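Visitor: Data file start02.txt (compact mmCIF, C-alpha atoms and all ligand atoms) is appended below.
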# COMPACT_ATOMS: atom_id res chain seq x y z
CA MET A 25 0.00 0.00 0.00
CA LYS A 26 1.24 3.49 -0.80
CA THR A 27 1.00 5.70 2.29
CA GLN A 28 0.28 9.40 1.74
CA ILE A 29 2.38 11.51 4.10
CA LEU A 30 0.38 14.71 4.56
CA GLU A 31 1.22 18.01 6.25
CA SER A 32 -1.71 18.95 8.48
CA THR A 33 -3.24 21.69 6.33
CA SER A 34 -7.03 22.13 6.29
CA GLU A 35 -7.16 20.71 2.80
CA ASN A 36 -5.14 17.63 3.77
CA ILE A 37 -7.18 17.07 6.93
CA LYS A 38 -10.30 17.02 4.70
CA LYS A 39 -8.58 14.51 2.42
CA ALA A 40 -7.72 12.36 5.43
CA ALA A 41 -11.33 12.61 6.70
CA GLU A 42 -12.54 11.29 3.32
CA ILE A 43 -10.22 8.29 3.72
CA ILE A 44 -11.75 7.59 7.16
CA LYS A 45 -15.29 7.90 5.72
CA LYS A 46 -14.43 5.34 3.05
CA GLY A 47 -13.22 2.83 5.65
CA GLY A 48 -9.48 3.57 5.40
CA LEU A 49 -6.74 4.10 7.99
CA VAL A 50 -5.22 7.47 8.94
CA ALA A 51 -2.53 8.12 11.58
CA PHE A 52 -2.82 11.52 13.24
CA PRO A 53 -1.29 13.56 16.07
CA THR A 54 -2.97 13.98 19.45
CA GLU A 55 -1.67 15.75 22.56
CA THR A 56 -0.58 12.40 24.09
CA VAL A 57 0.86 10.21 21.33
CA TYR A 58 0.01 9.67 17.64
CA GLY A 59 -3.10 7.57 17.01
CA LEU A 60 -3.99 5.16 14.20
CA GLY A 61 -7.59 5.90 13.32
CA ALA A 62 -10.53 4.32 11.54
CA ASP A 63 -14.32 4.85 11.63
CA ALA A 64 -15.21 3.40 15.05
CA MET A 65 -18.68 2.34 13.87
CA ASP A 66 -17.39 0.38 10.85
CA PRO A 67 -16.22 -3.10 11.92
CA GLU A 68 -14.34 -3.77 8.66
CA ALA A 69 -12.41 -0.51 9.03
CA VAL A 70 -11.51 -1.21 12.67
CA LYS A 71 -10.30 -4.70 11.74
CA LYS A 72 -7.72 -3.09 9.48
CA ILE A 73 -6.23 -1.26 12.49
CA TYR A 74 -5.49 -4.58 14.18
CA GLU A 75 -3.90 -5.94 11.02
CA ALA A 76 -1.70 -2.88 10.45
CA LYS A 77 -0.45 -2.88 14.05
CA GLY A 78 -0.25 -6.65 14.48
CA ARG A 79 -2.44 -6.13 17.55
CA PRO A 80 -4.26 -8.94 19.42
CA SER A 81 -7.99 -8.67 18.68
CA ASP A 82 -9.09 -8.82 22.33
CA ASN A 83 -7.38 -5.50 23.03
CA PRO A 84 -10.04 -2.80 22.68
CA THR A 85 -9.42 0.61 21.13
CA ILE A 86 -10.11 4.08 22.48
CA VAL A 87 -12.89 5.89 20.62
CA HIS A 88 -12.10 9.55 19.94
CA ILE A 89 -14.83 12.17 19.60
CA GLY A 90 -14.74 15.73 18.30
CA ARG A 91 -17.40 17.20 20.62
CA ALA A 92 -18.04 16.20 24.22
CA SER A 93 -21.77 15.75 23.52
CA ASP A 94 -20.95 13.04 20.96
CA ILE A 95 -20.39 10.63 23.86
CA GLY A 96 -24.17 10.20 23.66
CA GLN A 97 -23.69 8.23 20.42
CA LEU A 98 -21.67 5.63 22.31
CA THR A 99 -23.28 5.27 25.73
CA ARG A 100 -26.75 5.60 27.17
CA MET A 101 -26.16 6.46 30.79
CA LEU A 102 -24.19 9.49 31.87
CA SER A 103 -23.79 9.67 35.64
CA PRO A 104 -23.18 13.03 37.33
CA GLY A 105 -19.60 11.86 37.97
CA ILE A 106 -18.98 11.25 34.28
CA VAL A 107 -20.42 14.64 33.35
CA ASN A 108 -18.25 16.29 35.99
CA LEU A 109 -15.09 14.65 34.60
CA ILE A 110 -15.99 15.63 31.05
CA GLU A 111 -16.46 19.25 32.15
CA ASN A 112 -13.18 19.27 34.05
CA PHE A 113 -10.86 17.35 31.75
CA TRP A 114 -12.13 17.34 28.14
CA PRO A 115 -10.68 18.00 25.71
CA GLY A 116 -7.69 16.30 27.30
CA PRO A 117 -5.75 13.14 28.17
CA LEU A 118 -8.45 11.38 30.20
CA THR A 119 -10.19 8.31 28.71
CA LEU A 120 -13.47 7.24 30.31
CA VAL A 121 -14.61 3.62 30.21
CA VAL A 122 -18.42 3.57 30.14
CA ASN A 123 -21.15 1.05 29.25
CA LYS A 124 -21.56 0.89 25.49
CA LYS A 125 -24.62 1.21 23.30
CA PRO A 126 -25.30 -2.00 21.34
CA LYS A 127 -24.51 -0.30 18.01
CA VAL A 128 -20.82 0.16 18.97
CA PRO A 129 -19.20 -2.76 17.12
CA ASP A 130 -17.59 -5.62 19.07
CA VAL A 131 -14.27 -5.29 17.21
CA THR A 132 -13.99 -1.72 18.48
CA THR A 133 -14.38 -2.78 22.11
CA GLY A 134 -12.66 -6.18 21.91
CA GLY A 135 -16.02 -7.81 22.63
CA LEU A 136 -16.48 -5.96 25.95
CA GLY A 137 -19.77 -4.43 27.05
CA THR A 138 -17.95 -1.18 27.72
CA VAL A 139 -16.33 1.43 25.50
CA ALA A 140 -13.36 3.70 26.20
CA VAL A 141 -13.95 7.30 25.05
CA ARG A 142 -11.92 10.45 24.95
CA MET A 143 -11.94 13.89 23.33
CA PRO A 144 -8.33 14.72 22.42
CA ASP A 145 -6.89 18.19 23.00
CA HIS A 146 -5.25 18.66 19.63
CA PRO A 147 -6.53 20.87 16.79
CA VAL A 148 -5.58 18.41 14.02
CA ALA A 149 -7.24 15.46 15.77
CA LEU A 150 -10.41 17.47 16.45
CA GLU A 151 -10.63 18.79 12.89
CA LEU A 152 -10.12 15.30 11.49
CA ILE A 153 -12.85 13.77 13.66
CA ARG A 154 -15.32 16.60 12.97
CA ASN A 155 -14.72 16.41 9.21
CA ALA A 156 -15.06 12.63 9.19
CA GLY A 157 -18.42 12.97 10.93
CA CYS A 158 -17.97 9.76 12.94
CA PRO A 159 -16.18 8.76 16.14
CA ILE A 160 -12.66 7.53 15.37
CA ALA A 161 -11.28 4.37 16.99
CA ALA A 162 -7.55 4.87 17.51
CA PRO A 163 -4.92 2.97 19.42
CA SER A 164 -1.40 4.38 19.50
CA ALA A 165 0.11 4.42 15.99
CA ASN A 166 3.00 2.01 16.62
CA ILE A 167 3.59 -1.63 15.73
CA SER A 168 2.12 -3.59 18.64
CA GLY A 169 4.70 -3.97 21.43
CA LYS A 170 6.92 -1.08 20.27
CA PRO A 171 7.27 2.24 22.12
CA SER A 172 4.37 4.62 21.46
CA PRO A 173 5.05 7.22 18.73
CA THR A 174 5.43 10.85 19.77
CA THR A 175 6.61 12.24 16.41
CA ALA A 176 5.45 11.71 12.82
CA GLU A 177 8.87 10.12 12.07
CA HIS A 178 8.15 7.39 14.63
CA VAL A 179 4.84 6.66 12.90
CA ILE A 180 6.48 6.59 9.47
CA ASP A 181 9.16 4.18 10.80
CA ASP A 182 6.47 1.76 11.99
CA LEU A 183 3.55 2.13 9.58
CA ASP A 184 4.74 3.43 6.19
CA GLY A 185 3.19 1.13 3.59
CA LYS A 186 0.61 -0.23 6.06
CA VAL A 187 -1.85 2.68 6.30
CA ASP A 188 -3.55 4.98 3.80
CA ALA A 189 -2.28 8.26 5.21
CA ILE A 190 -0.22 9.83 7.98
CA LEU A 191 -1.01 13.39 9.08
CA VAL A 192 2.23 15.07 10.10
CA GLY A 193 2.17 17.30 13.18
CA GLY A 194 4.88 18.27 15.63
CA MET A 195 6.02 16.33 18.67
CA CYS A 196 3.19 15.38 21.01
CA ARG A 197 2.90 17.70 24.01
CA VAL A 198 2.29 15.05 26.71
CA GLY A 199 4.34 12.11 25.42
CA ILE A 200 2.62 9.26 27.32
CA GLU A 201 -0.85 7.89 26.62
CA SER A 202 -4.01 9.10 28.33
CA THR A 203 -5.12 8.09 31.80
CA VAL A 204 -7.75 5.33 31.42
CA LEU A 205 -10.46 5.53 34.09
CA ASP A 206 -13.17 2.90 34.55
CA MET A 207 -16.43 4.67 35.39
CA THR A 208 -18.68 1.60 35.19
CA GLU A 209 -18.59 0.73 38.90
CA GLU A 210 -19.48 2.67 42.04
CA LYS A 211 -15.79 3.46 42.68
CA PRO A 212 -13.76 4.88 39.78
CA VAL A 213 -10.67 2.80 38.98
CA ILE A 214 -7.55 3.91 37.12
CA LEU A 215 -6.75 1.16 34.62
CA ARG A 216 -3.77 2.98 33.10
CA PRO A 217 -1.99 5.92 34.78
CA GLY A 218 -1.28 9.10 32.83
CA ILE A 219 -0.65 12.78 33.42
CA ILE A 220 -4.14 13.29 34.79
CA THR A 221 -3.51 11.72 38.20
CA ALA A 222 -5.63 10.03 40.87
CA ASP A 223 -5.33 13.24 42.92
CA ASP A 224 -6.65 15.35 40.02
CA ILE A 225 -9.63 13.02 39.58
CA GLU A 226 -10.35 12.79 43.32
CA ALA A 227 -10.31 16.58 43.57
CA ALA A 228 -12.84 16.87 40.73
CA LEU A 229 -15.15 14.10 42.01
CA ASN A 230 -14.65 14.66 45.71
CA LYS A 231 -14.50 10.88 45.97
CA ASP A 232 -11.86 8.15 46.37
CA VAL A 233 -10.35 6.67 43.24
CA SER A 234 -8.49 3.36 43.23
CA VAL A 235 -5.76 2.04 40.98
CA ASP A 236 -6.11 -1.37 39.28
CA LYS A 237 -3.80 -3.80 41.10
CA VAL A 238 -2.07 -4.82 37.91
CA VAL A 239 -0.84 -1.24 37.50
CA LEU A 240 0.67 -1.33 40.99
CA GLN A 241 2.59 -4.58 40.62
CA LYS A 242 6.35 -4.37 40.39
CA THR A 243 6.95 -7.66 38.62
CA SER A 244 5.43 -9.39 35.62
CA ASP A 245 4.19 -12.22 37.89
CA GLY A 246 0.59 -13.04 37.26
CA GLN A 247 0.44 -11.42 33.86
CA GLY A 248 -2.11 -13.42 31.96
CA ASN A 249 -3.09 -15.17 35.19
CA GLU A 250 -6.90 -15.10 35.57
CA GLU A 251 -6.93 -13.80 39.11
CA ASN A 252 -4.67 -10.90 38.29
CA ALA A 253 -6.07 -10.19 34.85
CA PRO A 254 -6.06 -6.44 34.27
CA LYS A 255 -9.37 -4.75 33.46
CA ALA A 256 -7.72 -2.92 30.57
CA PRO A 257 -6.82 -5.87 28.35
CA GLY A 258 -3.94 -3.92 26.81
CA MET A 259 -2.11 -3.75 30.13
CA LYS A 260 -1.31 -7.47 30.00
CA TYR A 261 0.73 -7.45 26.83
CA LYS A 262 4.46 -6.98 26.43
CA HIS A 263 4.72 -3.29 25.83
CA TYR A 264 6.96 -0.50 24.74
CA ALA A 265 9.84 -2.93 24.29
CA PRO A 266 13.00 -1.38 22.86
CA ASP A 267 15.24 -3.64 20.75
CA ALA A 268 17.92 -3.25 23.42
CA GLN A 269 17.99 -5.09 26.76
CA MET A 270 16.85 -2.69 29.43
CA LEU A 271 17.62 -2.50 33.15
CA VAL A 272 16.11 -0.06 35.64
CA VAL A 273 18.31 1.05 38.54
CA GLU A 274 16.38 2.21 41.60
CA GLY A 275 17.56 3.94 44.74
CA GLN A 276 18.93 7.15 46.12
CA ARG A 277 19.95 9.51 43.31
CA GLU A 278 23.76 9.57 43.76
CA LYS A 279 23.88 5.81 44.23
CA VAL A 280 21.83 5.28 41.09
CA LYS A 281 24.19 7.48 39.09
CA SER A 282 27.31 5.69 40.29
CA GLU A 283 25.78 2.23 39.77
CA ILE A 284 24.78 3.19 36.23
CA ASN A 285 28.33 4.40 35.55
CA ARG A 286 29.79 1.20 37.00
CA LEU A 287 27.50 -1.03 34.92
CA LYS A 288 28.15 1.07 31.83
CA ASP A 289 31.95 0.64 32.20
CA LEU A 290 31.62 -3.07 32.85
CA ASN A 291 29.41 -3.64 29.84
CA GLU A 292 31.47 -1.48 27.52
CA LYS A 293 34.58 -3.42 28.47
CA MET A 294 32.71 -6.51 27.35
CA GLY A 295 32.08 -4.94 23.96
CA ASN A 296 28.48 -3.84 24.46
CA LYS A 297 27.11 -0.50 23.30
CA VAL A 298 25.37 1.08 26.29
CA GLY A 299 22.71 3.82 26.37
CA VAL A 300 21.80 5.70 29.54
CA MET A 301 18.40 7.17 30.35
CA LEU A 302 18.51 9.46 33.34
CA PHE A 303 15.92 12.17 33.83
CA GLU A 304 16.25 15.29 35.97
CA GLU A 305 15.10 14.63 39.48
CA LYS A 306 11.37 15.44 39.98
CA ALA A 307 11.02 16.69 36.39
CA PHE A 308 8.19 14.23 35.79
CA ILE A 309 6.33 16.16 33.06
CA GLU A 310 9.56 16.41 31.06
CA ALA A 311 10.27 12.71 31.63
CA ALA A 312 6.78 11.86 30.30
CA HIS A 313 7.36 14.07 27.28
CA ASP A 314 10.73 12.52 26.42
CA PHE A 315 10.42 8.90 27.54
CA PHE A 316 9.21 7.12 24.39
CA ALA A 317 11.26 9.37 22.09
CA GLU A 318 14.43 8.52 24.06
CA LEU A 319 13.72 4.80 23.84
CA ARG A 320 13.34 5.05 20.08
CA GLU A 321 16.45 7.21 19.79
CA LEU A 322 18.55 4.68 21.71
CA ASP A 323 17.28 1.90 19.45
CA ARG A 324 18.15 4.02 16.43
CA GLN A 325 21.69 4.33 17.78
CA GLY A 326 21.79 0.54 17.97
CA VAL A 327 22.64 0.22 21.66
CA ASP A 328 22.70 -3.29 23.15
CA ILE A 329 21.81 -2.25 26.67
CA ILE A 330 19.78 0.63 28.14
CA LEU A 331 20.48 1.55 31.76
CA ALA A 332 17.62 3.67 33.12
CA GLY A 333 17.43 5.53 36.42
CA ALA A 334 14.11 4.95 38.20
CA LEU A 335 12.06 8.06 39.02
CA SER A 336 11.36 8.33 42.71
CA ALA A 337 7.57 8.59 42.66
CA THR A 338 4.86 6.38 44.11
CA ASP A 339 2.00 8.34 42.59
CA GLY A 340 1.18 11.10 40.12
CA VAL A 341 2.93 11.74 36.82
CA GLY A 342 6.22 10.13 37.93
CA PHE A 343 4.31 6.95 38.73
CA ALA A 344 2.74 6.99 35.24
CA VAL A 345 6.20 7.21 33.64
CA MET A 346 7.53 4.44 35.91
CA ASN A 347 4.65 2.20 34.81
CA ARG A 348 5.93 2.51 31.20
CA MET A 349 9.60 2.22 32.21
CA MET A 350 9.05 -1.02 34.12
CA LYS A 351 7.17 -2.54 31.19
CA SER A 352 9.83 -1.48 28.70
CA ALA A 353 12.41 -3.19 30.88
CA GLY A 354 10.28 -6.32 31.25
CA TYR A 355 10.29 -5.57 35.03
CA ASN A 356 14.07 -5.99 35.06
CA ILE A 357 15.18 -3.90 38.04
CA VAL A 358 18.07 -3.68 40.51
CA LYS A 359 18.02 -1.72 43.77
CA VAL A 360 21.06 0.11 45.09
O1 LIG A 401 -3.52 8.72 24.67
C1 LIG A 401 -4.10 7.72 24.25
O2 LIG A 401 -4.94 7.12 24.93
C2 LIG A 401 -3.73 7.24 22.84
C3 LIG A 401 -4.15 8.30 21.83
C4 LIG A 401 -3.99 7.85 20.41
O3 LIG A 401 -5.45 8.72 22.10
N1 LIG A 401 -4.36 5.97 22.56
C5 LIG A 401 -3.95 4.80 23.14
O4 LIG A 401 -4.65 3.68 22.74
O5 LIG A 401 -3.05 4.74 23.95
P1 LIG A 401 -4.14 2.18 22.99
O6 LIG A 401 -5.06 1.35 22.19
O7 LIG A 401 -2.71 2.06 22.71
O8 LIG A 401 -4.46 1.91 24.51
C6 LIG A 401 -5.79 1.78 24.94
C7 LIG A 401 -5.84 1.17 26.32
C8 LIG A 401 -5.47 -0.29 26.30
O9 LIG A 401 -4.74 -0.63 27.47
C9 LIG A 401 -6.86 -0.94 26.31
O10 LIG A 401 -6.84 -2.26 26.82
C10 LIG A 401 -7.66 0.01 27.19
O11 LIG A 401 -7.18 1.29 26.83
N2 LIG A 401 -9.10 -0.06 26.89
C11 LIG A 401 -9.73 0.30 25.75
N3 LIG A 401 -11.04 0.06 25.84
C12 LIG A 401 -11.28 -0.46 27.06
C13 LIG A 401 -12.44 -0.92 27.77
N4 LIG A 401 -13.64 -0.91 27.21
N5 LIG A 401 -12.27 -1.41 29.02
C14 LIG A 401 -11.05 -1.41 29.60
N6 LIG A 401 -9.92 -1.00 28.99
C15 LIG A 401 -10.03 -0.52 27.74
MG MG A 402 -0.73 1.50 22.64
In structure tokens, what does this structure look like?
Guide:
Amino acid sequence: MKTQILESTSENIKKAAEIIKKGGLVAFPTETVYGLGADAMDPEAVKKIYEAKGRPSDNPTIVHIGRASDIGQLTRMLSPGIVNLIENFWPGPLTLVVNKKPKVPDVTTGGLGTVAVRMPDHPVALELIRNAGCPIAAPSANISGKPSPTTAEHVIDDLDGKVDAILVGGMCRVGIESTVLDMTEEKPVILRPGIITADDIEAALNKDVSVDKVVLQKTSDGQGNEENAPKAPGMKYKHYAPDAQMLVVEGQREKVKSEINRLKDLNEKMGNKVGVMLFEEKAFIEAAHDFFAELRELDRQGVDIILAGALSATDGVGFAVMNRMMKSAGYNIVKV
């Protein structure tokens, strides 16, 4: 397939919207990461997303809408809590899992009775969705298992020749995917952490929010095990894996730095090319912004080993980055 690489002009966004209307695939920028979109209500179109990404079919997609009120096309019941979150956080990086209307196709939701919905905070994404005139199902625009794409170049590297068009925008502002919040039970549950934190949501709802236990675990034990099955099916798969071997070093800052230097020397003496990922202390927003791009850059440089300094955070944005870092490293961690 010949992929059209399009600058995000109004004319090109219209062209891309026509492709979506005809059942094709378009990758586009959002404020979090790039998405790979198709008409969410067209099962044949959504199937193509799974094929292009090599994604397991039980992993549901997030449905993107161009106006908050369009959530009514996807779900029947809107609780006061849901309305409150929409008013506070949309457009923005918060995905709400709600009960779906029967007309939302099973392929879009991986056969679940719920649908994940968000309104992205990006002018190109919003213009594309509004022009297409339908909700757009869009997972991150990477090959399944690879780091999420935060620039158009990342998308081109993964999907050129596999999708109809790629809308080129700048680097994504946030850099990690949206917070996924299950609103189908009495107590809201964070299924995937993001830059909208449990504290932010609790402040808006004036109510406790819990975090799915799979998100909290520090090892890969129990992945795929029934009892520990995550509520967001996507959280169980190998994720964000760089080509390099990755090790996370956790502990007090100075100790982490010296252990990384020691391991780097040792490995280089043995003929390995070593990449280091060390973020400024407490600069969590910057770490989120740069994390996936750094992983891809280190792979591009062909390093054999990535040594990453753990962020010291047990909640909030730092915790959301650590969730990705641990998965990228396959839960490979040493403490110093
Ligand atoms: O920021 C984002 O959310 C980006 C941009 C493109 O919007 N999208 C994204 O989609 O990260 P994806 O498909 O890579 O991740 C969606 C996550 C997966 O972990 C999936 O299992 C979960 O959301 N999910 C989707 N629908 C769900 C549902 N009905 N119930 C529970 N989890 C759901
Ligand atoms: Mg993804």
Visitor: Determine the axis-aligned bounding box of all atoms of stretch 194-204 of chain A present in the file, pad each side by 8 Å, and express its centre and edge lengths in Å to one decimal place as AutoDock Vina command-line options.
Guide:
--center_x -0.9 --center_y 11.8 --center_z 23.7 --size_x 29.8 --size_y 28.9 --size_z 32.2
Visitor: One decimal, Å: what's the distance from atom CA of A:Leu335 over to atom CA of A:Met301, could you say?
Guide: 10.8 Å
Visitor: Could you list, as a list in words, all the residues within 9 Å of ligand MG 402 (chain A), counting only C-alpha atoms and all ligand atoms?
Guide: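 After applying the 9 Å limit, what remains is Val57, Gly59, Thr85, Pro163, Ser164, Ala165, Asn166, Ile167, Ser168, Gly169, Lys170, Pro171, Ser172, Glu201, Gly258, His263 and Tyr264 of chain A.
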Visitor: Compare A:Lys288, A:Arg142, A:Lys72, A:Lys255 by their minimum atom-to-atom distance to A:Ser93, counting all atoms listed in the file, and give me the closest one.
Guide: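 Using all atoms listed in the file, A:Ser93 sits closest to A:Arg142.
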Visitor: Might you pull out every residue within 8 Å of A:Leu30, with only C-alpha atoms counted and same-chain residues fewer than 6 positions away left off, and present them as a PDB file with C-alpha atoms, keeping the file's coordinate frame?
Guide:
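Generated file (selection_35.pdb):
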ATOM      1  CA  ASN A  36      -5.140  17.630   3.770  1.00  0.00           C
ATOM      2  CA  ALA A 189      -2.280   8.260   5.210  1.00  0.00           C
ATOM      3  CA  ILE A 190      -0.220   9.830   7.980  1.00  0.00           C
ATOM      4  CA  LEU A 191      -1.010  13.390   9.080  1.00  0.00           C
ATOM      5  CA  VAL A 192       2.230  15.070  10.100  1.00  0.00           C
TER       6      VAL A 192
END
Visitor: Could you list, as a VMD selection string, all the residues within 8 Å of ligand LIG 401 (chain A), counting all atoms listed in the file?
Guide: chain A and resid 53 to 60 83 to 86 88 117 to 119 121 to 122 133 to 134 136 to 142 144 162 to 165 172 200 to 204 206 215 to 216 255 to 259
